[in-house]
Each structure stands twice: as structure tokens, then as C-alpha cells.
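Below is structure_2.cif, which holds mmCIF, C-alpha atoms and all ligand atoms.
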data_coords
loop_
_atom_site.group_PDB
_atom_site.id
_atom_site.type_symbol
_atom_site.label_atom_id
_atom_site.label_comp_id
_atom_site.auth_asym_id
_atom_site.auth_seq_id
_atom_site.Cartn_x
_atom_site.Cartn_y
_atom_site.Cartn_z
ATOM 1 C CA MET S 1 0.000 0.000 0.000
ATOM 2 C CA ASN S 2 1.693 3.172 -1.233
ATOM 3 C CA ASN S 3 -0.883 5.751 -0.219
ATOM 4 C CA ILE S 4 0.122 8.935 1.534
ATOM 5 C CA VAL S 5 -2.381 10.704 3.789
ATOM 6 C CA LEU S 6 -1.798 14.385 4.546
ATOM 7 C CA ILE S 7 -3.128 15.845 7.766
ATOM 8 C CA GLY S 8 -2.681 19.226 9.435
ATOM 9 C CA PHE S 9 -4.366 22.446 10.419
ATOM 10 C CA MET S 10 -6.376 24.579 7.980
ATOM 11 C CA GLY S 11 -3.949 26.577 5.873
ATOM 12 C CA SER S 12 -1.030 24.204 6.401
ATOM 13 C CA GLY S 13 -0.772 23.489 2.667
ATOM 14 C CA LYS S 14 -2.246 19.972 2.514
ATOM 15 C CA THR S 15 -3.955 20.570 -0.821
ATOM 16 C CA SER S 16 -1.087 22.500 -2.444
ATOM 17 C CA VAL S 17 1.500 19.948 -1.318
ATOM 18 C CA GLY S 18 -0.813 17.017 -2.068
ATOM 19 C CA ILE S 19 -1.494 18.036 -5.669
ATOM 20 C CA ARG S 20 2.224 18.492 -6.377
ATOM 21 C CA LEU S 21 3.233 15.300 -4.590
ATOM 22 C CA ALA S 22 0.624 13.275 -6.471
ATOM 23 C CA LYS S 23 1.826 14.721 -9.754
ATOM 24 C CA LYS S 24 5.426 13.845 -8.974
ATOM 25 C CA LEU S 25 4.509 10.267 -8.046
ATOM 26 C CA ALA S 26 1.941 9.898 -10.858
ATOM 27 C CA PHE S 27 -0.588 9.151 -8.111
ATOM 28 C CA ARG S 28 -4.210 10.154 -7.865
ATOM 29 C CA PHE S 29 -4.966 13.149 -5.644
ATOM 30 C CA MET S 30 -8.056 13.087 -3.452
ATOM 31 C CA ASP S 31 -9.367 15.490 -0.851
ATOM 32 C CA THR S 32 -12.127 14.708 1.660
ATOM 33 C CA ASP S 33 -13.526 18.248 1.491
ATOM 34 C CA LEU S 34 -13.876 18.027 -2.295
ATOM 35 C CA ILE S 35 -15.457 14.568 -2.070
ATOM 36 C CA ILE S 36 -18.007 15.874 0.441
ATOM 37 C CA GLU S 37 -18.711 18.980 -1.622
ATOM 38 C CA GLU S 38 -19.260 16.870 -4.719
ATOM 39 C CA GLY S 39 -21.443 14.380 -2.828
ATOM 40 C CA CYS S 40 -23.600 17.105 -1.247
ATOM 41 C CA LYS S 41 -23.449 19.380 -4.306
ATOM 42 C CA ARG S 42 -22.792 22.239 -1.925
ATOM 43 C CA THR S 43 -19.869 24.056 -0.356
ATOM 44 C CA ILE S 44 -18.541 22.973 3.047
ATOM 45 C CA SER S 45 -19.787 26.293 4.454
ATOM 46 C CA SER S 46 -23.346 25.623 3.373
ATOM 47 C CA VAL S 47 -23.210 22.030 4.688
ATOM 48 C CA PHE S 48 -22.151 23.475 8.072
ATOM 49 C CA GLU S 49 -24.814 26.135 7.903
ATOM 50 C CA GLU S 50 -27.708 23.954 6.802
ATOM 51 C CA GLU S 51 -26.901 20.596 8.406
ATOM 52 C CA GLY S 52 -24.526 21.510 11.204
ATOM 53 C CA GLU S 53 -20.994 20.480 12.116
ATOM 54 C CA GLU S 54 -21.948 17.079 13.522
ATOM 55 C CA PHE S 55 -23.459 16.018 10.207
ATOM 56 C CA PHE S 56 -20.309 17.158 8.409
ATOM 57 C CA ARG S 57 -18.107 15.199 10.825
ATOM 58 C CA GLU S 58 -20.158 12.061 10.183
ATOM 59 C CA LEU S 59 -19.684 12.531 6.440
ATOM 60 C CA GLU S 60 -15.931 12.897 6.942
ATOM 61 C CA THR S 61 -15.703 9.653 8.908
ATOM 62 C CA LYS S 62 -17.901 7.821 6.413
ATOM 63 C CA THR S 63 -15.713 9.060 3.561
ATOM 64 C CA ILE S 64 -12.513 7.598 4.992
ATOM 65 C CA ARG S 65 -14.211 4.437 6.256
ATOM 66 C CA ASP S 66 -15.481 3.753 2.726
ATOM 67 C CA PHE S 67 -11.896 3.949 1.464
ATOM 68 C CA ILE S 68 -10.567 1.136 3.660
ATOM 69 C CA GLY S 69 -9.112 -1.594 1.457
ATOM 70 C CA LYS S 70 -9.854 0.360 -1.727
ATOM 71 C CA LEU S 71 -7.239 3.113 -2.062
ATOM 72 C CA LYS S 72 -4.183 2.542 -4.196
ATOM 73 C CA ASP S 73 -1.442 4.883 -5.444
ATOM 74 C CA THR S 74 -3.212 7.853 -3.924
ATOM 75 C CA VAL S 75 -2.317 11.029 -2.080
ATOM 76 C CA LEU S 76 -5.253 11.804 0.197
ATOM 77 C CA SER S 77 -5.602 15.177 1.872
ATOM 78 C CA VAL S 78 -8.101 15.361 4.729
ATOM 79 C CA GLY S 79 -9.892 18.297 6.362
ATOM 80 C CA GLY S 80 -8.162 19.801 9.393
ATOM 81 C CA GLY S 81 -10.783 18.549 11.833
ATOM 82 C CA LEU S 82 -11.031 14.989 10.540
ATOM 83 C CA PRO S 83 -8.180 13.436 12.586
ATOM 84 C CA VAL S 84 -9.669 14.935 15.746
ATOM 85 C CA GLN S 85 -12.735 12.688 15.777
ATOM 86 C CA THR S 86 -12.296 9.590 17.921
ATOM 87 C CA GLY S 87 -11.209 6.587 15.892
ATOM 88 C CA ASN S 88 -10.324 8.533 12.750
ATOM 89 C CA GLY S 89 -6.570 8.479 13.429
ATOM 90 C CA ARG S 90 -6.644 4.699 13.400
ATOM 91 C CA LEU S 91 -8.699 4.641 10.176
ATOM 92 C CA LEU S 92 -6.255 7.027 8.491
ATOM 93 C CA ARG S 93 -3.284 4.851 9.439
ATOM 94 C CA GLN S 94 -5.045 1.930 7.795
ATOM 95 C CA LEU S 95 -5.267 3.911 4.571
ATOM 96 C CA GLY S 96 -1.591 4.738 4.207
ATOM 97 C CA GLN S 97 1.356 6.536 5.689
ATOM 98 C CA VAL S 98 0.055 9.508 7.586
ATOM 99 C CA VAL S 99 2.091 12.703 7.234
ATOM 100 C CA TYR S 100 1.440 15.699 9.478
ATOM 101 C CA LEU S 101 2.269 18.984 7.766
ATOM 102 C CA LYS S 102 3.251 21.163 10.694
ATOM 103 C CA THR S 103 3.068 24.909 10.142
ATOM 104 C CA SER S 104 3.637 27.778 12.541
ATOM 105 C CA ARG S 105 0.777 29.696 14.099
ATOM 106 C CA GLU S 106 2.004 32.892 12.385
ATOM 107 C CA THR S 107 1.915 31.321 8.918
ATOM 108 C CA ILE S 108 -1.538 29.879 9.544
ATOM 109 C CA ILE S 109 -2.874 33.230 10.747
ATOM 110 C CA ARG S 110 -1.380 34.991 7.731
ATOM 111 C CA ARG S 111 -2.833 32.465 5.294
ATOM 112 C CA LEU S 112 -6.265 32.371 6.862
ATOM 113 C CA SER S 113 -6.864 36.025 7.547
ATOM 114 C CA GLY S 114 -9.665 37.227 5.316
ATOM 115 C CA ASP S 115 -10.604 33.649 4.383
ATOM 116 C CA ASP S 116 -14.363 33.165 4.261
ATOM 117 C CA THR S 117 -14.470 29.510 3.236
ATOM 118 C CA ARG S 118 -13.787 28.010 6.699
ATOM 119 C CA PRO S 119 -16.948 28.033 8.823
ATOM 120 C CA LEU S 120 -15.012 27.381 12.039
ATOM 121 C CA LEU S 121 -13.212 30.702 11.665
ATOM 122 C CA SER S 122 -16.158 32.830 10.730
ATOM 123 C CA GLY S 123 -16.236 35.055 13.844
ATOM 124 C CA ASP S 124 -14.385 38.310 14.480
ATOM 125 C CA ASN S 125 -11.655 36.885 16.700
ATOM 126 C CA THR S 126 -9.943 34.628 14.153
ATOM 127 C CA GLU S 127 -6.568 34.643 15.916
ATOM 128 C CA GLU S 128 -8.049 33.468 19.200
ATOM 129 C CA GLN S 129 -10.068 30.800 17.429
ATOM 130 C CA ILE S 130 -6.944 29.569 15.654
ATOM 131 C CA ASP S 131 -4.946 29.560 18.911
ATOM 132 C CA ALA S 132 -7.568 27.551 20.771
ATOM 133 C CA LEU S 133 -8.001 25.018 17.974
ATOM 134 C CA LEU S 134 -4.251 24.669 17.396
ATOM 135 C CA LYS S 135 -3.530 24.087 21.070
ATOM 136 C CA PHE S 136 -6.105 21.339 21.212
ATOM 137 C CA ARG S 137 -5.334 19.742 17.869
ATOM 138 C CA ALA S 138 -1.532 19.835 17.526
ATOM 139 C CA PRO S 139 -0.937 16.880 19.911
ATOM 140 C CA ILE S 140 -3.714 14.937 18.187
ATOM 141 C CA TYR S 141 -2.091 15.436 14.773
ATOM 142 C CA GLU S 142 1.284 14.334 16.199
ATOM 143 C CA ALA S 143 -0.253 11.205 17.670
ATOM 144 C CA ALA S 144 -2.195 10.331 14.505
ATOM 145 C CA ALA S 145 0.768 10.728 12.148
ATOM 146 C CA HIS S 146 3.545 8.315 11.262
ATOM 147 C CA ILE S 147 5.771 11.274 10.455
ATOM 148 C CA THR S 148 5.758 15.027 11.001
ATOM 149 C CA VAL S 149 7.146 17.362 8.353
ATOM 150 C CA ILE S 150 7.838 21.007 9.183
ATOM 151 C CA THR S 151 6.762 23.245 6.319
ATOM 152 C CA ASN S 152 7.720 26.747 7.476
ATOM 153 C CA GLY S 153 9.800 28.745 5.050
ATOM 154 C CA ARG S 154 10.333 25.747 2.797
ATOM 155 C CA LYS S 155 9.708 25.362 -0.907
ATOM 156 C CA PHE S 156 7.189 22.791 -2.154
ATOM 157 C CA ASP S 157 9.991 20.692 -3.668
ATOM 158 C CA GLU S 158 11.837 20.453 -0.351
ATOM 159 C CA ILE S 159 8.685 19.386 1.480
ATOM 160 C CA ILE S 160 7.832 16.828 -1.188
ATOM 161 C CA ASP S 161 11.366 15.412 -1.224
ATOM 162 C CA GLU S 162 11.295 15.000 2.544
ATOM 163 C CA ILE S 163 7.935 13.229 2.399
ATOM 164 C CA MET S 164 9.178 10.854 -0.315
ATOM 165 C CA MET S 165 12.423 10.167 1.503
ATOM 166 C CA ARG S 166 10.879 9.535 4.903
ATOM 167 C CA THR S 167 7.910 7.488 3.715
ATOM 168 C CA GLY S 168 10.004 5.556 1.209
ATOM 169 C CA VAL S 169 7.318 6.228 -1.398
ATOM 170 C CA ASN S 170 9.131 7.579 -4.454
ATOM 171 C CA HIS S 171 8.974 7.174 -8.203
ATOM 172 C CA GLU S 172 11.888 4.708 -8.346
ATOM 173 C CA VAL S 173 10.168 2.291 -5.974
ATOM 174 C CA ILE S 174 6.905 2.749 -7.854
ATOM 175 C CA SER S 175 8.265 2.320 -11.371
ATOM 176 C CA HIS S 176 10.147 -0.790 -10.194
ATOM 177 C CA LYS S 177 6.905 -2.176 -8.778
ATOM 178 C CA ARG S 178 5.010 -1.279 -11.992
ATOM 179 C CA THR S 179 7.520 -2.983 -14.291
ATOM 180 C CA LYS S 180 7.398 -6.107 -12.129
ATOM 181 C CA SER S 181 3.601 -6.386 -12.140
HETATM 182 C C1 LIG R 201 -11.993 22.174 8.993
HETATM 183 C C2 LIG R 201 -11.076 22.246 7.976
HETATM 184 C C3 LIG R 201 -11.456 22.433 6.578
HETATM 185 C C4 LIG R 201 -12.866 21.889 6.336
HETATM 186 C C5 LIG R 201 -13.835 22.471 7.296
HETATM 187 C C6 LIG R 201 -13.468 22.185 8.762
HETATM 188 C C7 LIG R 201 -11.512 22.026 10.390
HETATM 189 O O1 LIG R 201 -10.524 21.791 5.704
HETATM 190 O O2 LIG R 201 -12.856 20.487 6.422
HETATM 191 O O3 LIG R 201 -13.906 23.866 7.082
HETATM 192 O O4 LIG R 201 -12.292 21.637 11.271
HETATM 193 O O5 LIG R 201 -10.298 22.259 10.620
HETATM 194 P P1 LIG R 201 -9.014 22.324 5.456
HETATM 195 O O6 LIG R 201 -8.168 21.811 6.572
HETATM 196 O O7 LIG R 201 -8.642 21.695 4.150
HETATM 197 O O8 LIG R 201 -9.076 23.789 5.392
#

Just dump the structure as C-alpha cells.
Amino acid sequence: MNNIVLIGFMGSGKTSVGIRLAKKLAFRFMDTDLIIEEGCKRTISSVFEEEGEEFFRELETKTIRDFIGKLKDTVLSVGGGLPVQTGNGRLLRQLGQVVYLKTSRETIIRRLSGDDTRPLLSGDNTEEQIDALLKFRAPIYEAAAHITVITNGRKFDEIIDEIMMRTGVNHEVISHKRTKS
């Protein structure tokens, strides 16, 4: 099983890194938020607004549970709150190697200020909301992940190279496996 699962806080670059990593590995890229948006034919914000957070969290868990035993050659990026739900860390580790993209509070605040697509940060006091969530979630991400990769001040290529090196998932291994099968 070659899959790589990217976890981390909102704004940590899971999608940007995931798309580039998948391209480099000639893997498929998937994202739980996009899958849910496609399934519900609505944005995440409107799912939160109309159905509530609990409903969204159930959809997230169902999405990864449905993948068990089915994912192959995939980079999967998951929403920032998904690993926080009880049992989801274990499910993610069954799907592939779990990589935590760790980003500083300052970078997250910079990237998310003015963002109106994240319902959890919709109030006026975004910084305080980020601080509270980060404090609670950071240890959960660490515990859920096989490896942690620091992303601050690093180029996409450096991050991707580190992920490939530390997971052992790289194009040489994959092309060798493909020529053998
Ligand atoms: C959330 C993160 C979002 C999205 C939703 C809730 C969270 O995904 O799933 O807004 O609870 O951290 P990203 O981490 O891709 O922004």
C-alpha cells in the first residue's frame, strides 16, 4: 500500500503539497472536502450552515471508512478537523502513511486572515479561534501521524522530497513495482 495521507491544520498546505506530490509520483490526488462537496453538491460552508458540524463530521468519517481496502497509489488530503474525531486516526493509518504537515501559528494566521471559506473561523476573533483550535489539535495530529514534516519557510519541492524520503514512497520504488507487475 503506497498511499500517503496528509493531515494538518487549515492553511497548512495539505492541498497545495498534495497536488504536487501526487503529480510527482503519478498518483491520484483526493481530498475529503472536495469529495463531500461533490457528494452534497454544496460548499462545506453551506453544509455546516444547513446541516450543522456534527453532520459534516459524520460525512468525513464515512468518507474515509469507505476507502478502507480500496485506495491505491493515492495522495489523500483530509480536512483539518477529521483526525480529531475519535477513531479517525486509526482509520487514516489503515489507509496509508500519515504525514502531518506542521506549520507555525504565524503562517496559519497569515494564510487564513480574510478567508471566508472556513466556517469554524467565521467570527471576528480569528486569531483566538486559531490559537484555541491549534492548542487542542496539535498533539492529536502528532499522535495520529507516522511522520511530522515542518513546512515553514520551505519550498514545495523540499517538502515533497522530505515526504518521499521519509515514507520511502518515491517514483523509483513505484516504477520498479510497476515494471514487475
Ligand atoms: C476544517 C477544515 C477544513 C474543512 C472544514 C473544517 C476544520 O478543511 O474540512 O472547514 O475543522 O479544521 P481544510 O483543513 O482543508 O481547510

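For the structure shown here, the set of residues caught by the PyMOL selection byres (((not hetatm)) within 7 of (chain R and resi 201)) is Gly8, Phe9, Met10, Gly11, Lys14, Thr15, Asp33, Ile44, Ser45, Val78, Gly79, Gly80, Gly81, Leu82, Thr117, Arg118, Pro119 and Leu120 of chain S.
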
Length of the CA of Thr103 (chain S) to CA of Ala132 (chain S) vector [Å]: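 So the answer is 15.3 Å.
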
What separation in Å, quoted to one decimal, exists between CA of His146 (chain S) and CA of Thr167 (chain S)? 8.8 Å

With the PyMOL selection byres (((chain S and resi 161) around 12) and not hetatm) as the selection, what would be picked from this file? Answer as a list in words, please. Val17, Arg20, Leu21, Lys24, Leu25, Val149, Thr151, Arg154, Lys155, Phe156, Asp157, Glu158, Ile159, Ile160, Glu162, Ile163, Met164, Met165, Arg166, Thr167, Gly168, Val169, Asn170 and His171 of chain S

Could you spell out the hits of the PyMOL selection byres (((chain S and resi 142) around 12) and not hetatm) on the shown file, as a PyMOL selection string? chain S and resi 7-9+83-84+89+98-102+134-141+143-150

For the selection you just gave me, I'd like the residues written to a file as a compact mmCIF listing (two decimals), in the frame of the given file, keeping C-alpha atoms.
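Listed below is the output, again.txt:
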# COMPACT_ATOMS: atom_id res chain seq x y z
CA ILE S 7 -3.13 15.84 7.77
CA GLY S 8 -2.68 19.23 9.44
CA PHE S 9 -4.37 22.45 10.42
CA PRO S 83 -8.18 13.44 12.59
CA VAL S 84 -9.67 14.94 15.75
CA GLY S 89 -6.57 8.48 13.43
CA VAL S 98 0.06 9.51 7.59
CA VAL S 99 2.09 12.70 7.23
CA TYR S 100 1.44 15.70 9.48
CA LEU S 101 2.27 18.98 7.77
CA LYS S 102 3.25 21.16 10.69
CA LEU S 134 -4.25 24.67 17.40
CA LYS S 135 -3.53 24.09 21.07
CA PHE S 136 -6.10 21.34 21.21
CA ARG S 137 -5.33 19.74 17.87
CA ALA S 138 -1.53 19.84 17.53
CA PRO S 139 -0.94 16.88 19.91
CA ILE S 140 -3.71 14.94 18.19
CA TYR S 141 -2.09 15.44 14.77
CA ALA S 143 -0.25 11.20 17.67
CA ALA S 144 -2.19 10.33 14.50
CA ALA S 145 0.77 10.73 12.15
CA HIS S 146 3.54 8.32 11.26
CA ILE S 147 5.77 11.27 10.46
CA THR S 148 5.76 15.03 11.00
CA VAL S 149 7.15 17.36 8.35
CA ILE S 150 7.84 21.01 9.18

Coordinates-based distance that separates CA of Ser122 (chain S) from CA of Gly52 (chain S) (Å, one decimal):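 Straight-line distance from CA of Gly52 (chain S) to CA of Ser122 (chain S) works out to 14.1 Å.
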
Kindly compute an axis-aligned box around the listed atoms of region 128-140 of chain S, allowing 6 Å on each side, and express its centre and edge lengths in Å to one decimal as lines of an AutoDock Vina configuration file.
center_x = -5.5
center_y = 24.2
center_z = 18.4
size_x = 21.1
size_y = 30.5
size_z = 17.6

Need the shell around Lys70 (chain S): protein/DNA/RNA residues with any atom at most 12 Å away, counting all atoms listed in the file. Skip same-chain ones fewer than 2 positions apart. Format as a list of chain:residue names?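 Final neighbour list, sorted by chain and number: S:Met1, S:Asn2, S:Asn3, S:Thr63, S:Ile64, S:Arg65, S:Asp66, S:Phe67, S:Ile68, S:Lys72, S:Asp73, S:Thr74, S:Gln94, S:Leu95, S:Gly96.
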
Extract, using all atoms listed in the file, all DNA, RNA and protein residues at most 12 Å from Phe55 (chain S), discarding same-chain residues fewer than 5 positions from it, and format them as an MDAnalysis selection string. chainID S and resid 36 40 44 46:50 60:62
